[in-house]
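*Asks:* Sharing data-v9.txt (compact mmCIF, C-alpha atoms and all ligand atoms) below.
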# COMPACT_ATOMS: atom_id res chain seq x y z
CA MET A 1 -13.60 4.77 -14.96
CA SER A 2 -10.92 2.35 -13.77
CA GLU A 3 -7.49 3.58 -12.71
CA PHE A 4 -6.02 2.01 -15.85
CA ASP A 5 -8.59 3.49 -18.26
CA LEU A 6 -7.90 6.88 -16.68
CA ILE A 7 -4.14 6.51 -17.23
CA ARG A 8 -4.66 5.28 -20.81
CA GLN A 9 -7.04 8.10 -21.70
CA HIS A 10 -5.27 11.04 -20.06
CA PHE A 11 -1.61 10.23 -19.63
CA THR A 12 -0.55 7.75 -22.29
CA ARG A 13 1.12 9.34 -25.35
CA THR A 14 3.64 7.98 -27.82
CA THR A 15 7.15 8.51 -26.51
CA ARG A 16 10.22 9.74 -28.36
CA TYR A 17 13.29 8.74 -26.39
CA THR A 18 11.95 5.89 -24.32
CA GLU A 19 12.68 2.15 -24.52
CA LEU A 20 9.57 1.24 -22.47
CA GLY A 21 6.97 3.80 -21.36
CA ILE A 22 3.73 3.64 -19.38
CA GLY A 23 2.31 0.20 -18.65
CA ASP A 24 4.92 -1.83 -16.78
CA ASP A 25 6.33 -1.81 -13.24
CA ALA A 26 8.93 0.75 -14.36
CA ALA A 27 9.81 2.70 -17.48
CA LEU A 28 13.13 2.05 -19.23
CA ILE A 29 15.43 4.72 -20.64
CA ARG A 30 18.75 4.02 -22.35
CA VAL A 31 21.45 6.04 -20.60
CA GLY A 32 24.74 4.72 -21.92
CA ALA A 33 25.96 2.16 -24.40
CA ASN A 34 25.17 -0.78 -22.13
CA MET A 35 22.72 0.31 -19.46
CA GLU A 36 19.07 1.18 -19.16
CA LEU A 37 17.64 3.23 -16.33
CA ALA A 38 14.45 1.82 -14.77
CA ILE A 39 12.21 4.52 -13.26
CA SER A 40 9.03 4.17 -11.23
CA ALA A 41 6.98 6.19 -8.72
CA ASP A 42 4.45 5.20 -6.06
CA MET A 43 2.38 7.43 -3.84
CA LEU A 44 1.00 6.63 -0.38
CA VAL A 45 -1.93 8.76 0.80
CA ALA A 46 -3.10 8.89 4.44
CA GLY A 47 -6.56 7.39 4.74
CA THR A 48 -6.23 5.50 1.44
CA HIS A 49 -2.98 3.53 1.72
CA PHE A 50 -2.35 3.81 5.46
CA PHE A 51 -4.06 4.99 8.65
CA ALA A 52 -3.19 8.62 9.42
CA ASP A 53 -1.83 7.53 12.83
CA ALA A 54 0.36 4.77 11.32
CA ASP A 55 3.72 4.16 12.95
CA PRO A 56 6.07 6.65 11.21
CA TYR A 57 9.09 4.30 11.22
CA GLN A 58 7.12 1.60 9.41
CA LEU A 59 5.64 4.17 7.03
CA GLY A 60 9.15 5.37 6.14
CA TRP A 61 10.23 1.80 5.45
CA LYS A 62 7.14 0.95 3.44
CA SER A 63 7.14 4.08 1.28
CA LEU A 64 10.56 3.10 -0.10
CA ALA A 65 9.97 -0.67 0.00
CA VAL A 66 6.93 -0.55 -2.32
CA ASN A 67 9.04 1.30 -4.89
CA LEU A 68 11.91 -1.16 -4.54
CA SER A 69 9.38 -3.88 -5.26
CA ASP A 70 8.81 -2.36 -8.73
CA MET A 71 12.58 -2.43 -9.33
CA ALA A 72 12.62 -6.09 -8.28
CA ALA A 73 9.82 -6.83 -10.74
CA MET A 74 11.91 -5.37 -13.59
CA GLY A 75 15.12 -7.16 -12.59
CA ALA A 76 16.67 -3.72 -11.98
CA GLN A 77 19.35 -2.82 -9.44
CA PRO A 78 17.86 0.06 -7.42
CA ARG A 79 20.25 3.00 -6.96
CA TRP A 80 18.55 6.39 -6.44
CA ALA A 81 15.32 7.68 -4.89
CA THR A 82 13.58 11.03 -4.60
CA LEU A 83 11.02 11.80 -1.89
CA ALA A 84 8.15 14.28 -2.30
CA ILE A 85 6.21 14.64 0.93
CA ALA A 86 3.20 16.70 2.00
CA LEU A 87 2.93 17.13 5.78
CA PRO A 88 0.06 18.63 7.81
CA ALA A 89 2.68 20.02 10.25
CA ALA A 90 6.44 19.71 10.82
CA ASN A 91 6.41 17.32 13.77
CA PRO A 92 10.10 16.63 14.64
CA ALA A 93 9.41 13.37 16.53
CA TRP A 94 7.33 12.03 13.61
CA LEU A 95 9.94 13.10 11.04
CA THR A 96 12.79 11.53 13.04
CA GLU A 97 11.02 8.18 13.07
CA PHE A 98 9.84 8.41 9.46
CA SER A 99 13.34 9.17 8.19
CA ARG A 100 14.84 6.41 10.38
CA GLY A 101 12.49 3.90 8.74
CA PHE A 102 13.11 5.29 5.25
CA PHE A 103 16.90 5.13 5.63
CA ALA A 104 16.80 1.69 7.26
CA CYS A 105 15.24 0.48 4.01
CA ALA A 106 17.61 2.61 1.88
CA ASP A 107 20.64 1.19 3.72
CA ARG A 108 19.38 -2.39 3.57
CA PHE A 109 18.99 -2.14 -0.24
CA VAL A 110 21.87 0.32 -0.80
CA VAL A 111 19.85 3.18 -2.31
CA ASP A 112 20.73 6.91 -2.13
CA LEU A 113 18.08 9.57 -1.45
CA ILE A 114 19.06 12.30 -3.92
CA GLY A 115 16.24 14.87 -3.86
CA GLY A 116 12.55 15.55 -3.57
CA ASP A 117 10.14 18.19 -2.39
CA THR A 118 8.48 19.12 0.92
CA THR A 119 5.23 21.00 1.29
CA ARG A 120 2.38 21.51 3.76
CA GLY A 121 -0.77 19.49 3.03
CA PRO A 122 -2.65 16.31 3.86
CA LEU A 123 -0.09 13.59 4.66
CA THR A 124 1.05 12.18 1.30
CA ILE A 125 4.30 10.42 0.50
CA SER A 126 5.50 10.10 -3.06
CA VAL A 127 8.72 8.26 -3.81
CA GLN A 128 10.40 7.95 -7.18
CA ILE A 129 12.93 5.20 -7.64
CA MET A 130 15.62 4.77 -10.28
CA GLY A 131 17.67 1.67 -10.95
CA GLU A 132 20.00 0.15 -13.50
CA VAL A 133 19.61 -2.84 -15.74
CA PRO A 134 21.93 -3.97 -18.56
CA ASN A 135 20.43 -3.37 -22.03
CA GLY A 136 17.77 -5.90 -22.95
CA LEU A 137 17.79 -7.74 -19.61
CA ALA A 138 14.84 -5.98 -17.94
CA ILE A 139 12.02 -8.42 -17.15
CA LYS A 140 8.83 -7.03 -18.67
CA ARG A 141 5.16 -7.88 -18.21
CA SER A 142 4.93 -8.71 -21.91
CA GLY A 143 7.44 -11.55 -22.18
CA ALA A 144 5.49 -14.58 -20.94
CA GLN A 145 5.40 -17.53 -23.36
CA LEU A 146 2.82 -20.24 -23.92
CA GLY A 147 3.54 -23.18 -21.60
CA ASP A 148 5.68 -21.16 -19.16
CA GLN A 149 5.25 -22.00 -15.49
CA ILE A 150 3.93 -19.32 -13.13
CA TRP A 151 5.79 -18.74 -9.87
CA LEU A 152 5.26 -16.72 -6.70
CA SER A 153 8.09 -15.50 -4.48
CA GLY A 154 6.13 -16.40 -1.34
CA PRO A 155 2.73 -16.88 0.24
CA LEU A 156 0.00 -14.30 -0.31
CA GLY A 157 -2.78 -12.76 1.76
CA TYR A 158 -1.05 -12.01 5.08
CA ALA A 159 -1.14 -8.23 4.63
CA ALA A 160 -4.83 -8.46 3.70
CA LEU A 161 -5.51 -10.50 6.85
CA ALA A 162 -3.81 -7.87 9.01
CA LEU A 163 -5.81 -5.11 7.34
CA ALA A 164 -9.09 -7.00 7.82
CA HIS A 165 -8.19 -7.41 11.52
CA LEU A 166 -7.40 -3.68 11.90
CA GLN A 167 -10.74 -2.88 10.24
CA ALA A 168 -12.44 -5.23 12.76
CA LYS A 169 -13.76 -7.45 9.98
CA ILE A 170 -12.03 -10.50 11.46
CA LYS A 171 -10.27 -11.27 14.76
CA LEU A 172 -6.78 -12.79 14.69
CA ASP A 173 -5.00 -14.14 17.77
CA ALA A 174 -2.04 -12.05 18.92
CA ASP A 175 0.70 -14.23 17.38
CA THR A 176 -1.02 -14.51 14.02
CA PHE A 177 -1.71 -10.79 13.96
CA ALA A 178 1.96 -10.03 14.68
CA GLN A 179 3.02 -12.18 11.71
CA CYS A 180 0.41 -10.66 9.39
CA ALA A 181 1.09 -7.09 10.60
CA SER A 182 4.75 -7.35 9.67
CA ALA A 183 3.71 -8.35 6.13
CA LEU A 184 1.43 -5.30 6.00
CA HIS A 185 3.71 -2.69 7.59
CA ALA A 186 7.20 -3.90 6.69
CA PRO A 187 7.06 -5.54 3.25
CA GLN A 188 10.35 -7.05 2.06
CA PRO A 189 10.95 -6.17 -1.60
CA ARG A 190 12.35 -9.17 -3.51
CA VAL A 191 15.25 -7.25 -5.06
CA ALA A 192 17.82 -10.07 -4.93
CA LEU A 193 15.34 -12.43 -6.57
CA GLY A 194 14.54 -9.95 -9.34
CA LEU A 195 18.25 -9.57 -10.12
CA ALA A 196 18.77 -13.35 -10.10
CA LEU A 197 15.83 -13.83 -12.47
CA ARG A 198 17.43 -11.80 -15.28
CA GLY A 199 17.80 -14.15 -18.22
CA ILE A 200 15.60 -16.81 -16.52
CA ALA A 201 12.16 -15.26 -16.04
CA THR A 202 10.23 -14.36 -19.21
CA SER A 203 7.91 -11.92 -17.38
CA ALA A 204 7.45 -10.53 -13.88
CA ILE A 205 5.21 -8.24 -11.87
CA ASP A 206 5.10 -7.35 -8.19
CA ILE A 207 1.78 -8.07 -6.52
CA SER A 208 0.48 -4.81 -5.10
CA ASP A 209 -3.22 -5.05 -6.04
CA GLY A 210 -3.77 -8.79 -5.56
CA LEU A 211 -2.64 -11.77 -7.62
CA LEU A 212 -5.70 -11.81 -9.90
CA ALA A 213 -5.39 -8.18 -10.95
CA ASP A 214 -1.61 -8.17 -11.29
CA LEU A 215 -1.30 -11.50 -13.08
CA GLY A 216 -4.12 -10.13 -15.28
CA HIS A 217 -1.78 -7.29 -16.36
CA VAL A 218 0.87 -9.84 -17.37
CA LEU A 219 -1.69 -11.87 -19.31
CA SER A 220 -2.95 -8.85 -21.27
CA ALA A 221 0.59 -7.65 -21.96
CA SER A 222 1.66 -11.14 -23.08
CA ASN A 223 -1.60 -12.03 -24.93
CA LEU A 224 -2.03 -15.24 -22.95
CA GLY A 225 -4.30 -16.86 -20.39
CA ALA A 226 -3.33 -18.79 -17.27
CA LYS A 227 -4.31 -21.75 -15.14
CA LEU A 228 -3.70 -21.50 -11.40
CA HIS A 229 -3.76 -24.42 -8.98
CA LEU A 230 -4.55 -23.32 -5.43
CA ASN A 231 -3.59 -26.70 -4.00
CA GLN A 232 -0.02 -25.65 -4.77
CA LEU A 233 -0.36 -22.71 -2.35
CA PRO A 234 0.52 -24.29 1.00
CA GLN A 235 -1.33 -21.71 3.08
CA ALA A 236 -4.60 -22.22 1.21
CA SER A 237 -5.26 -25.37 3.25
CA HIS A 238 -4.01 -24.20 6.67
CA TRP A 239 -4.41 -20.48 6.69
CA PRO A 240 -4.51 -18.88 10.17
CA MET A 241 -8.18 -17.99 9.80
CA ALA A 242 -9.28 -20.96 7.74
CA SER A 243 -11.84 -22.07 10.32
CA SER A 244 -13.61 -18.78 10.97
CA LEU A 245 -13.63 -17.20 7.50
CA LYS A 246 -16.10 -18.27 4.83
CA PRO A 247 -14.24 -19.94 1.93
CA ALA A 248 -15.29 -17.17 -0.48
CA GLU A 249 -13.95 -14.48 1.88
CA GLN A 250 -10.72 -16.41 2.35
CA LEU A 251 -10.28 -16.68 -1.37
CA LYS A 252 -10.92 -12.98 -1.80
CA LEU A 253 -8.20 -12.04 0.71
CA LEU A 254 -5.81 -14.57 -0.78
CA LEU A 255 -6.24 -13.69 -4.46
CA ALA A 256 -7.35 -10.06 -4.43
CA GLY A 257 -6.23 -8.74 -1.03
CA GLY A 258 -3.25 -6.77 -2.24
CA ASP A 259 -0.25 -5.20 -0.48
CA ASP A 260 1.63 -8.51 -0.77
CA TYR A 261 4.72 -7.20 -2.59
CA GLU A 262 5.72 -10.69 -3.62
CA LEU A 263 6.81 -11.24 -7.22
CA CYS A 264 4.75 -13.24 -9.70
CA PHE A 265 6.93 -14.38 -12.59
CA SER A 266 6.89 -16.80 -15.50
CA ALA A 267 9.67 -19.05 -16.73
CA PRO A 268 10.05 -22.04 -19.06
CA ALA A 269 9.42 -25.44 -17.45
CA ALA A 270 13.04 -26.31 -18.30
CA ALA A 271 14.15 -23.70 -15.73
CA HIS A 272 12.12 -25.30 -12.89
CA GLY A 273 15.11 -26.92 -11.18
CA ARG A 274 17.26 -23.82 -11.47
CA ILE A 275 14.51 -21.68 -9.94
CA SER A 276 13.95 -24.11 -7.04
CA GLN A 277 17.70 -23.96 -6.43
CA LEU A 278 17.54 -20.15 -6.47
CA GLY A 279 14.80 -20.28 -3.82
CA SER A 280 17.05 -22.33 -1.53
CA THR A 281 20.01 -20.01 -2.14
CA LEU A 282 17.98 -16.88 -1.37
CA GLY A 283 15.96 -18.48 1.46
CA LEU A 284 12.65 -17.78 -0.31
CA PRO A 285 9.77 -20.29 -0.44
CA LEU A 286 9.27 -20.02 -4.21
CA LEU A 287 6.00 -21.62 -5.32
CA CYS A 288 5.12 -22.88 -8.78
CA VAL A 289 1.37 -22.25 -8.93
CA GLY A 290 0.29 -22.58 -12.54
CA GLU A 291 1.05 -22.25 -16.21
CA MET A 292 0.48 -19.97 -19.18
CA VAL A 293 -2.14 -21.20 -21.63
CA ALA A 294 -3.44 -19.99 -25.00
CA GLU A 295 -7.07 -19.59 -23.93
CA ARG A 296 -7.49 -16.04 -22.60
CA GLY A 297 -8.59 -15.38 -19.04
CA LEU A 298 -7.68 -16.90 -15.68
CA ALA A 299 -8.87 -20.39 -14.75
CA VAL A 300 -8.43 -21.02 -11.02
CA HIS A 301 -8.60 -24.58 -9.68
CA GLY A 302 -9.41 -24.96 -5.98
CA LEU A 303 -7.99 -27.27 -3.33
CA ALA A 304 -9.73 -30.36 -4.71
CA GLY A 305 -8.91 -29.43 -8.31
CA GLU A 306 -12.44 -28.05 -8.87
CA MET A 307 -12.88 -24.92 -11.05
CA LEU A 308 -13.56 -21.82 -8.96
CA ASP A 309 -15.82 -18.96 -9.91
CA ILE A 310 -13.57 -15.91 -9.79
CA LYS A 311 -15.65 -12.75 -9.92
CA GLU A 312 -13.57 -10.78 -7.51
CA ALA A 313 -10.97 -8.74 -9.41
CA GLY A 314 -8.16 -6.83 -7.70
CA PHE A 315 -8.66 -3.62 -5.82
CA ASP A 316 -8.85 -0.59 -8.09
CA HIS A 317 -8.67 2.90 -6.56
CA PHE A 318 -11.24 4.41 -8.94
CA LYS A 319 -13.95 1.72 -9.02
P1 LIG B 401 2.43 -0.41 -10.26
O1 LIG B 401 1.29 -1.18 -9.63
O2 LIG B 401 3.55 -1.28 -10.69
O3 LIG B 401 2.87 0.76 -9.43
P2 LIG B 401 0.39 0.71 -11.85
O4 LIG B 401 -0.41 -0.51 -12.22
O5 LIG B 401 -0.05 1.54 -10.69
O6 LIG B 401 1.87 0.21 -11.62
O7 LIG B 401 0.49 1.67 -13.09
C1 LIG B 401 0.36 1.20 -14.42
C2 LIG B 401 1.24 2.02 -15.34
O8 LIG B 401 0.73 3.34 -15.46
C3 LIG B 401 2.68 2.16 -14.87
O9 LIG B 401 3.52 2.07 -16.00
C4 LIG B 401 2.73 3.57 -14.29
O10 LIG B 401 4.01 4.14 -14.39
C5 LIG B 401 1.74 4.31 -15.19
N1 LIG B 401 1.10 5.48 -14.56
C6 LIG B 401 0.31 5.51 -13.47
N2 LIG B 401 -0.14 6.76 -13.20
C7 LIG B 401 0.39 7.58 -14.15
C8 LIG B 401 0.31 8.99 -14.43
N3 LIG B 401 -0.42 9.81 -13.67
N4 LIG B 401 1.01 9.46 -15.48
C9 LIG B 401 1.75 8.64 -16.25
N5 LIG B 401 1.85 7.30 -16.07
C10 LIG B 401 1.18 6.77 -15.03
MG MG B 402 4.35 -2.85 -9.68
So, in terms of structure tokens, how does the structure I just supplied come out?
*Replies:*
Amino acid sequence: MSEFDLIRQHFTRTTRYTELGIGDDAALIRVGANMELAISADMLVAGTHFFADADPYQLGWKSLAVNLSDMAAMGAQPRWATLAIALPAANPAWLTEFSRGFFACADRFVVDLIGGDTTRGPLTISVQIMGEVPNGLAIKRSGAQLGDQIWLSGPLGYAALALAHLQAKIKLDADTFAQCASALHAPQPRVALGLALRGIATSAIDISDGLLADLGHVLSASNLGAKLHLNQLPQASHWPMASSLKPAEQLKLLLAGGDDYELCFSAPAAAHGRISQLGSTLGLPLLCVGEMVAERGLAVHGLAGEMLDIKEAGFDHFK
């Protein structure tokens, strides 16, 4: 059973007081006349999402950052977080570093930690995030329109390269590894971009499970298909490992690697100039990589424009 079938079968019920329930990057609840609250939770489990001996500062940063990424994907302003943590032991040095990393991220994005729970158990970190978005302005997975352009907030695959190196599947030189490791351990949630895309983007998702899987969620929610053009991804032609990785393996890391925490969003072609301008203002290398089409499914065109055979879906915890 896939993760998503499991959620659909066991946890999805009709809601009574909810603007948007299970199925997007965050749920939406109306809290006042003009505001909706966006709420999301993400759990990191030692051995599944990180190595048990991971640097605690980076783990603190990342456990909040991945949640902020869901706020970014909704166009929500993150405000409050809760932290539920299971610890094998109360190690003061570890906790000092973990909390320093967590609050570095909280301070950078101006979020308050307002509660949580602490218990003994296998190292597990569960953060819930809450943010605000004016009524009707949240960017949902379901809003993409036929003919919209598909954008990425930055290059993909660096975190997957770092992970492959740590798992001794590939060998990166020291400089390349340093660059890729920072993508893996210290993701930068695209909060400012998400806020700026309110009223411009028709749909958005943050890429946590790989572009193919996450764009796939947008396509099902929006009842559309998409065409992607890899020759519009600059790193596809001069990736650090391009020479020593087989093309199929490269493609797999690039499109299904996961842990990217870049945004994938759609917008009308008429907004192209405005979005490019936004990229310059925010210092983000925004990439237009494809378009929404009526024919369902994902058609991926390679570097020479050839159609690629995409069998590799995103990583799913329960497959
Ligand atoms: P994301 O990758 O943005 O964190 P997921 O793809 O993991 O989102 O989750 C899909 C949807 O299912 C989300 O709306 C999430 O809130 C919901 N969800 C996941 N697990 C549960 C659960 N145990 N109970 C209720 N909803 C869940
Ligand atoms: Mg998400």
*Asks:* At a cut-off of 8 Å around ligand LIG 401 (chain B), and using all atoms listed in the file, what residues come up? Please write them as a list of chain:residue names.
*Replies:*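 What falls inside 8 Å of ligand LIG 401 (chain B) is A:Glu3, A:Phe4, A:Ile7, A:Arg8, A:His10, A:Phe11, A:Thr12, A:Gly21, A:Ile22, A:Gly23, A:Asp24, A:Asp25, A:Ala26, A:Ala27, A:Ser40, A:Ala41, A:Asp42, A:Asn67, A:Asp70, A:Ile205, A:Asp206, A:Ile207, A:Ser208, A:Asp209, A:Asp214.
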*Asks:* Enclose region 112-116 of chain A, meaning all of its atoms listed in the file, in a box aligned along x, y and z, pad it by 5 Å on each side, and list the centre and edge lengths in Å to one decimal, as JSON.
*Replies:*
{"center_x": 16.6, "center_y": 11.2, "center_z": -2.7, "size_x": 18.2, "size_y": 18.6, "size_z": 12.5}
*Asks:* What is the CA of Ser2 (chain A)-CA of Lys140 (chain A) distance in Å, reported with one decimal?
*Replies:*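 According to the coordinates, CA of Ser2 (chain A) and CA of Lys140 (chain A) are separated by 22.4 Å.
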*Asks:* Return the single residue from A:Leu255, A:Ala89, A:Leu197, A:Ala73 that is closest to ligand MG 402 (chain B), with distances computed using only C-alpha atoms and all ligand atoms.
*Replies:*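 Of the candidates, the smallest distance to ligand MG 402 (chain B) is held by A:Ala73.
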*Asks:* Have a look at A:Gly157, A:Gly302, A:Pro122, A:Gly210 and name the one nearest to ligand MG 402 (chain B); count all atoms listed in the file.
*Replies:*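 Among the listed residues, A:Gly210 lies closest to ligand MG 402 (chain B).
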*Asks:* Have a look at A:Thr124, A:Ser69, A:Ser153, A:Thr96 and name the one nearest to ligand MG 402 (chain B); count all atoms listed in the file.
*Replies:* A:Ser69
*Asks:* As a PyMOL selection string, please: the residues near Tyr158 (chain A) (cut-off 12 Å, only C-alpha atoms, same-chain neighbours under 4 positions excluded).
*Replies:* chain A and resi 154+162-165+172+176-187+210+235-236+239-241+250+253-262
*Asks:* Identify which of the residues A:Leu95, A:Ile39, A:Ala226, A:Leu284 lies closest to ligand MG 402 (chain B), counting all atoms listed in the file when measuring atom-to-atom distances.
*Replies:*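 Looking at the shortest contact to ligand MG 402 (chain B), the residue is A:Ile39.
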